[in-house]
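Trainee: Right, I'll just put the structure down here and ask away after.
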Amino acid sequence: MRFDVKKNALSLVVWALLLTAPLWVDRVGAYPELVTQVVVMGLAAMSLNFLLGYTGVLSFGHAAYFGLGAYGVGLTIRYLMPSTMAGLAVGVLVGALAAALIGPMIVRRRGVYFAMVTIAFGQVFYFIAFRWNNVTGGDDGLTNWHRENLHLGFATFKLMDSPYDFYYFVLAVFAICTGLMALILRSPFGRTLIAIRENERRSRFLGINVNFHIWVSWVVSCTFMSVAGALYALLNNFVDPRAFYWSQSGVFVIMCVMGGMRSFWGPLLGAAVYVVLQDYLSSVTPNWMSFIGLVFVAVVLFFPRGFLGVLRRRASE
Amino acid sequence: MSFLKVESVSKHFGSLVAVDGVSMNVQKGECRAVIGPNGAGKTTFFNLITGMLGLTSGRVVLDGQDMAGIDPSHRVKLGMARTFQITEIFPELTVRENVRIPVEVAAGLHLSPRMPAHLKASVNDRIEQLLEEGGLTRIAHRYAGELSHGDQRACEIMMALALNPRLLLLDEPTAGMGDDETHAVARLIKRIHRESHMTIVLIEHDMRVVFNLADRITVLAEGKPLAEGTPAEITANERVQAAYLGGAA
Amino acid sequence: MTQLILFNVANGLIIGAFYALMAIGLSLIMSLSDVINFAHGGFLAIGAYLAYTLSPYVGFWGGLILAPILTAILGLIAEKFLISRVYGRDPLYSLLLTFGLAFIIEDSTRFIWGAQSVPYDVPGWLMSPLSADYFFLTGYRMFMVALVALAVGGLFYVMNRTRLGLRIRAGTLDLETVSVLGVNVRVLRNLNFGIGIYLAGLAGVLAAGQLGLQPTIGASVIMPSFVAIIIGGLGSLTGTLLGGLLIGVASGLTAVFLPSATEAVIYVMMALVLLIRPQGLLGEEGRF
């Protein structure tokens, strides 16, 4: 297969920016942790978009799986084994398992009802984290643990002390996850998901078992979401119940919509804008929540297709 | 033995009886038209056959297999493909992608996370063949939602055919079309029927299309069976004439 | 022990009545307009704070009457200028819009009235217990339950006996037909939204006297209201009422036996309902 530069131009730009980020972040007034956070939140939003944008299913409860990944890694490193990789593995496994079990209860629902059920389910985990004080640290969050250095046979990565080593570690995980998602979306299975988004009735009468496909898509989406959650906890060396809270789910959705749900990289852009905006607003005004709320309203009224959606439309006109 | 056997099916919505004891036997390779005045229950009758609606009573048997308890997507796998009165396609995908999806379903790939190399060529060939047969090759790169009514219908029919069905159910394939488009779609159906000996059941309003295509005709009126026979028999039937020209219409 | 259980059941019923008031309003809006109003909790907070601000001037009773009405007017304005603009679009957008609205309202209440919780005075004679043995049965609690019953009864009357109610109910079943019959759907949705927000405002005033006032009061009751709807069955007002009371009592009882699961128990109930009776206790199969 020939590599089509024009078709992949956007991907090339994204990767060039991400790979060179440590060289220029200081000059634009940012700092390594912020860029790492953009990548982590970008992965979260892209994971959600697998379901939201490519399967057309309205999930408003993805914070639950973000939080499970986060607590999975934190609890593992704190209580079981001081290893970044083991923690990551446990976090992802827990998130995937929970999604697989909850899935059958929700896949028959559609539209706003699906949104309501998913967001309500997310709250269970919030209250578990909140109430199970002696294990999770309750409202104060899970502390007294930190990410560990990564020893591979040929080298040691100083994830603990070097923010850039950690950034590239996050970027590597991000590359694997987004690469897998891109592959799935280009496969026959991925096309079936898009078919369901486009026209559920037609899909059903092409012999596609729609609910089962939505379940698979849900589990895939939530699994990558818990990867993002685990990375988020590793980034902060800390996790608290707010990772689970329902408003966090809404934030992931606005990232997708703001960047452009129909574009593969849109949610990453949305996440970047959101993270930077929130970082800035919360440093200049105590009322940053109102401004975030205004962003929601403005996106819905003025940019419903998202930034990349608007660009794409311009380009095709 | 009949290929599709519908045994006195009924459908009640509360106190409303939409379909009332209709039977129909369709032979293999036959093209059957279901006609009747507006509100005769034709589409409901179709929905009972395809499993979109549950039966209140009666039985649907395809090639000796009772369809009771089999959901619509499974019936499709057993060989029942259908089109809808209002065309159901994937508007934001290209025509080629529209056809690709059922071709991949038919090849059993719809859960496959990657395209197996040995099937790639045969899938692509099949897509091009269907596009060609449906007269869609020259517009294959366009978004299905932008096409004319007739081309969308052709696309929908080719999507159904991509599933290699044993029974093709067409709900008003020429609904809302002008003369030229009606003609083109009728020609397409006729060719499919002639070349593949596909068993076809179609609902149709346009009597020219019905008499051009159908081997036999079933007439419904107010949910009840009114008559059945060859086109010539139906033309001569006084009750049918009364239903169409008289009070029921 | 019996007294403790009774105490918690009574408590649960009262909390459940709040949930029910909230959930019924949410459910009305969701059924007719296909909008999940995440800002519903925000309107509850507005109702509560308005009553707090007004009562020094108009007294407790004046606040009780005026605050929900003012809240409903704010709701009508929000519907007319914001929410109605996304009707008919992908439900995603109405969700995000009300989500943003919820953020703005919560933050604004914090800005206007402060982040600290403030006391809300209820007439002294209402606060005294009815009997020494059952100290928890204060007059205010009985009064609250009576008022909720009155509001729900009134709503059921409107829904079943008035032209507006009949139109709303017909609209939730088949909006197209209703609009063909010459009903102005825009106005219908606006009024329906107003009724829902009125109930939220009323719940706010009552909650202020019972739970005290803080900006997060809205965010904390909205999720249980969703659960009440799911358990009761979307589209059934009686079911929603039942669902609200049920989860209130369930968390009240759980507080006795397993305090750490007080909040989580209702989600477990929701999961059970979804497994056993996916359409909810009184919901109809196949609507969603």
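By convention here, the chains of the structure tokens are called A, B, ... in the order presented, each chain's residues are numbered starting at 1, and ligands are numbered starting at 1 in the order presented.
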Would you pick out the contacts of Ser226 in chain A at 7 Å or less, using only C-alpha atoms, so that residues sharing its chain but fewer than 4 positions from it are not included, and give the list as a list in words?
Mentor: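 Near neighbours after the sequence-gap exclusion: Tyr65, Phe66, Leu68, Gly69, Gly91, Val92, Gly95, Cys222 and Ala230 of chain A.
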Trainee: With N, CA and C atoms kept, could you save the residues just selected as a PDB file, in the first residue's frame?
Mentor:
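Contents of the output file selection_22.pdb:
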```pdb
ATOM      1  N   TYR A  65     -15.262   4.819  34.074  1.00  0.00           N
ATOM      2  CA  TYR A  65     -14.192   3.908  33.637  1.00  0.00           C
ATOM      3  C   TYR A  65     -12.854   4.620  33.687  1.00  0.00           C
ATOM      4  N   PHE A  66     -12.877   5.921  33.510  1.00  0.00           N
ATOM      5  CA  PHE A  66     -11.705   6.759  33.740  1.00  0.00           C
ATOM      6  C   PHE A  66     -11.267   6.601  35.203  1.00  0.00           C
ATOM      7  N   LEU A  68     -12.081   4.192  37.318  1.00  0.00           N
ATOM      8  CA  LEU A  68     -11.672   2.822  37.656  1.00  0.00           C
ATOM      9  C   LEU A  68     -10.220   2.595  37.261  1.00  0.00           C
ATOM     10  N   GLY A  69      -9.834   3.075  36.081  1.00  0.00           N
ATOM     11  CA  GLY A  69      -8.436   2.960  35.671  1.00  0.00           C
ATOM     12  C   GLY A  69      -7.528   3.686  36.654  1.00  0.00           C
ATOM     13  N   GLY A  91      -5.431  -1.534  36.395  1.00  0.00           N
ATOM     14  CA  GLY A  91      -6.406  -0.473  36.155  1.00  0.00           C
ATOM     15  C   GLY A  91      -7.238  -0.742  34.912  1.00  0.00           C
ATOM     16  N   VAL A  92      -6.575  -1.097  33.830  1.00  0.00           N
ATOM     17  CA  VAL A  92      -7.267  -1.334  32.565  1.00  0.00           C
ATOM     18  C   VAL A  92      -8.178  -2.553  32.658  1.00  0.00           C
ATOM     19  N   GLY A  95     -11.315  -1.697  34.633  1.00  0.00           N
ATOM     20  CA  GLY A  95     -12.227  -0.886  33.825  1.00  0.00           C
ATOM     21  C   GLY A  95     -12.937  -1.721  32.779  1.00  0.00           C
ATOM     22  N   CYS A 222     -14.619   1.857  26.712  1.00  0.00           N
ATOM     23  CA  CYS A 222     -14.379   1.985  28.152  1.00  0.00           C
ATOM     24  C   CYS A 222     -12.988   1.479  28.534  1.00  0.00           C
ATOM     25  N   ALA A 230      -5.876   5.674  34.134  1.00  0.00           N
ATOM     26  CA  ALA A 230      -4.680   5.187  34.817  1.00  0.00           C
ATOM     27  C   ALA A 230      -3.518   6.153  34.586  1.00  0.00           C
TER      28      ALA A 230
END
```
Trainee: Kindly provide the residues of chain C that approach chain A to within 9 Å, each paired with its closest atom pair and their distance in Å to one decimal, based on only C-alpha atoms, listed by chain and increasing number, as a Markdown table.
Mentor:
```
| residue | atom | partner | partner_atom | distance |
| --- | --- | --- | --- | --- |
| C:Met30 | CA | A:Val112 | CA | 8.3 |
| C:Asp34 | CA | A:Val112 | CA | 7.0 |
| C:Val35 | CA | A:Val112 | CA | 7.2 |
| C:Ile36 | CA | A:Val112 | CA | 6.7 |
| C:Leu82 | CA | A:Val297 | CA | 8.5 |
| C:Arg85 | CA | A:Leu301 | CA | 8.0 |
| C:Val86 | CA | A:Leu301 | CA | 8.0 |
| C:Asp90 | CA | A:Gly111 | CA | 8.8 |
| C:Pro91 | CA | A:Val112 | CA | 6.5 |
| C:Leu92 | CA | A:Leu58 | CA | 6.9 |
| C:Tyr93 | CA | A:Val300 | CA | 5.8 |
| C:Ser94 | CA | A:Val300 | CA | 8.0 |
| C:Leu95 | CA | A:Val112 | CA | 8.2 |
| C:Leu96 | CA | A:Phe296 | CA | 6.3 |
| C:Leu97 | CA | A:Val297 | CA | 5.1 |
| C:Thr98 | CA | A:Val297 | CA | 8.1 |
| C:Phe99 | CA | A:Gly250 | CA | 7.1 |
| C:Gly100 | CA | A:Gly293 | CA | 3.9 |
| C:Leu101 | CA | A:Gly293 | CA | 6.0 |
| C:Ala102 | CA | A:Gly293 | CA | 7.4 |
| C:Phe103 | CA | A:Gly293 | CA | 5.1 |
| C:Ile104 | CA | A:Ser290 | CA | 4.3 |
| C:Ile105 | CA | A:Ser290 | CA | 7.7 |
| C:Glu106 | CA | A:Ser290 | CA | 8.1 |
| C:Asp107 | CA | A:Ser290 | CA | 5.7 |
| C:Ser108 | CA | A:Ser290 | CA | 7.1 |
| C:Arg110 | CA | A:Asn287 | CA | 8.9 |
| C:Phe111 | CA | A:Asn287 | CA | 7.5 |
| C:Met223 | CA | A:Ala120 | CA | 6.2 |
| C:Pro224 | CA | A:Ala120 | CA | 8.0 |
| C:Phe226 | CA | A:Met116 | CA | 6.7 |
| C:Val227 | CA | A:Ala120 | CA | 6.7 |
| C:Ile230 | CA | A:Val117 | CA | 7.5 |
| C:Leu234 | CA | A:Tyr113 | CA | 8.5 |
| C:Ser260 | CA | A:Arg131 | CA | 5.8 |
| C:Ala261 | CA | A:Arg131 | CA | 7.7 |
| C:Glu263 | CA | A:Phe127 | CA | 6.6 |
| C:Ala264 | CA | A:Val124 | CA | 5.4 |
| C:Val265 | CA | A:Val124 | CA | 8.4 |
| C:Ile266 | CA | A:Val124 | CA | 8.7 |
| C:Tyr267 | CA | A:Val124 | CA | 6.0 |
| C:Val268 | CA | A:Val124 | CA | 7.9 |
| C:Met270 | CA | A:Phe121 | CA | 8.5 |
| C:Ala271 | CA | A:Met105 | CA | 7.3 |
| C:Leu274 | CA | A:Met105 | CA | 6.0 |
| C:Leu275 | CA | A:Met105 | CA | 6.1 |
| C:Pro278 | CA | A:Met105 | CA | 8.0 |
| C:Phe288 | CA | A:Arg109 | CA | 6.2 |
```
Trainee: Filtering to C-alpha atoms, could you give me those residues as a PDB file, in the first residue's frame?
Mentor:
```pdb
ATOM      1  CA  MET C  30     -37.806  14.409  28.971  1.00  0.00           C
ATOM      2  CA  ASP C  34     -36.484  14.620  24.599  1.00  0.00           C
ATOM      3  CA  VAL C  35     -34.245  16.764  26.790  1.00  0.00           C
ATOM      4  CA  ILE C  36     -32.436  15.627  29.926  1.00  0.00           C
ATOM      5  CA  LEU C  82     -31.622  28.658  24.950  1.00  0.00           C
ATOM      6  CA  ARG C  85     -33.011  26.333  20.022  1.00  0.00           C
ATOM      7  CA  VAL C  86     -31.794  22.742  20.141  1.00  0.00           C
ATOM      8  CA  ASP C  90     -29.401  15.345  18.105  1.00  0.00           C
ATOM      9  CA  PRO C  91     -30.271  14.989  21.845  1.00  0.00           C
ATOM     10  CA  LEU C  92     -26.540  15.273  22.490  1.00  0.00           C
ATOM     11  CA  TYR C  93     -26.774  19.014  22.077  1.00  0.00           C
ATOM     12  CA  SER C  94     -29.580  19.592  24.538  1.00  0.00           C
ATOM     13  CA  LEU C  95     -27.679  17.505  27.066  1.00  0.00           C
ATOM     14  CA  LEU C  96     -24.554  19.589  26.667  1.00  0.00           C
ATOM     15  CA  LEU C  97     -26.519  22.810  26.763  1.00  0.00           C
ATOM     16  CA  THR C  98     -28.265  22.012  30.035  1.00  0.00           C
ATOM     17  CA  PHE C  99     -24.962  20.677  31.368  1.00  0.00           C
ATOM     18  CA  GLY C 100     -23.346  24.036  30.730  1.00  0.00           C
ATOM     19  CA  LEU C 101     -26.352  25.764  32.238  1.00  0.00           C
ATOM     20  CA  ALA C 102     -25.981  23.635  35.362  1.00  0.00           C
ATOM     21  CA  PHE C 103     -22.351  24.750  35.707  1.00  0.00           C
ATOM     22  CA  ILE C 104     -23.299  28.390  35.258  1.00  0.00           C
ATOM     23  CA  ILE C 105     -26.163  28.253  37.766  1.00  0.00           C
ATOM     24  CA  GLU C 106     -24.130  26.446  40.414  1.00  0.00           C
ATOM     25  CA  ASP C 107     -21.270  28.878  40.062  1.00  0.00           C
ATOM     26  CA  SER C 108     -23.567  31.900  40.034  1.00  0.00           C
ATOM     27  CA  ARG C 110     -21.921  30.464  44.825  1.00  0.00           C
ATOM     28  CA  PHE C 111     -20.972  33.913  43.573  1.00  0.00           C
ATOM     29  CA  MET C 223     -28.566  11.771  40.122  1.00  0.00           C
ATOM     30  CA  PRO C 224     -31.029  10.167  42.563  1.00  0.00           C
ATOM     31  CA  PHE C 226     -32.509  10.005  37.405  1.00  0.00           C
ATOM     32  CA  VAL C 227     -32.503   6.768  39.350  1.00  0.00           C
ATOM     33  CA  ILE C 230     -35.309   4.690  35.662  1.00  0.00           C
ATOM     34  CA  LEU C 234     -39.821   6.621  31.959  1.00  0.00           C
ATOM     35  CA  SER C 260     -21.477   3.317  54.204  1.00  0.00           C
ATOM     36  CA  ALA C 261     -23.813   2.106  51.452  1.00  0.00           C
ATOM     37  CA  GLU C 263     -25.904   6.446  48.664  1.00  0.00           C
ATOM     38  CA  ALA C 264     -24.784   3.422  46.653  1.00  0.00           C
ATOM     39  CA  VAL C 265     -27.833   1.297  47.455  1.00  0.00           C
ATOM     40  CA  ILE C 266     -30.126   3.134  45.066  1.00  0.00           C
ATOM     41  CA  TYR C 267     -27.798   2.411  42.146  1.00  0.00           C
ATOM     42  CA  VAL C 268     -27.806  -1.250  43.041  1.00  0.00           C
ATOM     43  CA  MET C 270     -31.447   0.538  39.596  1.00  0.00           C
ATOM     44  CA  ALA C 271     -29.195  -2.223  38.273  1.00  0.00           C
ATOM     45  CA  LEU C 274     -32.699  -2.888  34.640  1.00  0.00           C
ATOM     46  CA  LEU C 275     -31.887  -6.586  34.818  1.00  0.00           C
ATOM     47  CA  PRO C 278     -35.778  -3.061  31.968  1.00  0.00           C
ATOM     48  CA  PHE C 288     -37.138   3.652  24.720  1.00  0.00           C
TER      49      PHE C 288
END
```
Trainee: Would you return as a PyMOL selection string the members of range 56-247 of chain C that DSSP assigns to helix (DSSP H, G or I) on this structure's backbone?
Mentor: chain C and resi 56-81+83-86+91-113+124-127+139-161+163-173+175-180+185-211+217-232+237-247
Trainee: Do me a favour and pick out the residues of chain B within 9 Å of chain A, using only C-alpha atoms, as a short mmCIF file (atom, residue, chain, number, x, y, z; two decimals) with C-alpha atoms, in the first residue's frame.
Mentor:
```
data_model
loop_
_atom_site.label_atom_id
_atom_site.label_comp_id
_atom_site.auth_asym_id
_atom_site.auth_seq_id
_atom_site.Cartn_x
_atom_site.Cartn_y
_atom_site.Cartn_z
CA THR B 50 -39.69 -9.88 8.47
CA PRO B 72 -35.25 -9.67 12.41
CA SER B 73 -31.47 -9.67 12.12
CA HIS B 74 -31.44 -13.44 12.42
CA ARG B 75 -34.14 -13.77 9.76
CA VAL B 76 -31.87 -11.81 7.47
CA LYS B 77 -29.16 -14.40 8.06
CA MET B 80 -34.79 -12.74 4.15
CA ALA B 81 -33.66 -9.36 2.85
CA ARG B 82 -35.88 -6.33 2.54
CA THR B 83 -36.10 -2.72 1.45
CA PHE B 84 -38.32 -0.07 3.00
CA GLU B 88 -33.14 3.18 4.31
CA ILE B 89 -29.51 3.65 3.38
CA PHE B 90 -26.40 5.15 5.00
CA PRO B 91 -26.72 8.75 3.79
CA GLU B 92 -23.31 10.02 4.91
CA LEU B 93 -21.37 7.13 3.37
CA GLU B 97 -19.28 1.98 1.24
CA ASN B 98 -23.03 1.41 1.42
CA ARG B 100 -19.40 -2.77 1.06
CA ILE B 101 -21.07 -3.14 4.45
CA PRO B 102 -23.60 -5.86 3.49
CA GLU B 104 -18.75 -7.87 4.41
CA VAL B 105 -21.69 -9.01 6.53
CA ALA B 106 -22.44 -11.73 3.97
CA LEU B 109 -16.65 -10.31 8.55
CA HIS B 110 -18.81 -7.86 10.49
CA LEU B 111 -17.16 -8.70 13.81
CA SER B 112 -13.72 -9.01 12.32
CA PRO B 113 -11.20 -6.44 13.62
CA ARG B 114 -9.13 -6.71 10.44
CA MET B 115 -9.69 -7.61 6.84
CA MET B 159 -27.47 -3.68 -0.59
CA ALA B 160 -30.21 -6.23 0.00
CA LEU B 163 -26.62 -10.42 1.41
#
```
Trainee: Which is closer to Leu32 in chain C than all the others in C:Leu166, C:Leu173, C:Met1, C:Val180, using only C-alpha atoms?
Mentor: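 Going through C:Leu166, C:Leu173, C:Met1, C:Val180 one by one, the smallest distance to Leu32 in chain C is for C:Leu173.
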Trainee: Can you pull out every residue within 12 Å of Gly179 in chain A, counting only C-alpha atoms, but drop anything in the same chain fewer than 6 positions away, and send it as a PyMOL selection string?
Mentor: chain A and resi 11+15+43+46-47+171-173+185-186+224+264-265
Trainee: Can you tell me, as a tab-separated table (two decimals) with C-alpha atoms, in the first residue's frame, what residues are no more than 9 Å from range 179-182 of chain B when counting only C-alpha atoms, ignoring any on the same chain fewer than 6 positions away?
Mentor:
```
chain	number	residue	atom	x	y	z
B	149	HIS	CA	-34.61	8.97	-5.42
B	150	GLY	CA	-34.23	6.29	-8.09
B	151	ASP	CA	-30.50	5.86	-7.54
B	173	PRO	CA	-39.83	0.18	-4.61
B	206	ASP	CA	-48.12	1.46	-9.63
B	209	VAL	CA	-45.14	-2.11	-12.54
```
Trainee: Find the residues around Val60 in chain B up to 6 Å (only C-alpha atoms counted), leave out those fewer than 5 positions away in its own chain, and share them as a VMD selection string.
Mentor: chain B and resid 5 to 6 67
Trainee: Select, from B:Ala144, B:Ala221, B:Ile70, B:Leu53, the residue with the minimum atom-to-atom distance to chain C, counting only C-alpha atoms.
Mentor: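 Comparing B:Ala144, B:Ala221, B:Ile70, B:Leu53 against chain C, the winner is B:Leu53.
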Trainee: Between CA of Gly88 in chain C and CA of Leu76 in chain C, what is the distance, to one decimal in Å?
Mentor: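 Taking CA of Gly88 in chain C as the start and CA of Leu76 in chain C as the end point, the length is 18.3 Å.
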Trainee: Within 12 Å of Met177 in chain B, counting only C-alpha atoms, which residues qualify if same-chain residues fewer than 6 places away don't, as a VMD selection string?
Mentor: chain B and resid 85 to 87 148 to 153 183 to 186 205 to 206
Trainee: Using DSSP on the backbone, list every residue of range 6-233 of chain B that comes out as strand (DSSP E), and give them as an MDAnalysis selection string.
Mentor: chainID B and resid 6:13 16:26 31:35 57:62 65:66 80:83 167:171 199:203 216:221 224:229
Trainee: Go ahead and compute the interatomic distance for CA of Met1 in chain B and CA of Thr235 in chain B, in Å to one decimal.
Mentor: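 Distance reported for this atom pair: 26.8 Å.
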Trainee: For range 13-16 of chain C, find every residue with an atom within 7 Å (counting only C-alpha atoms), except residues of its own chain fewer than 3 positions away, and show them as number ranges by chain.
Mentor: C: 9-10, 19-20, 145, 244-249
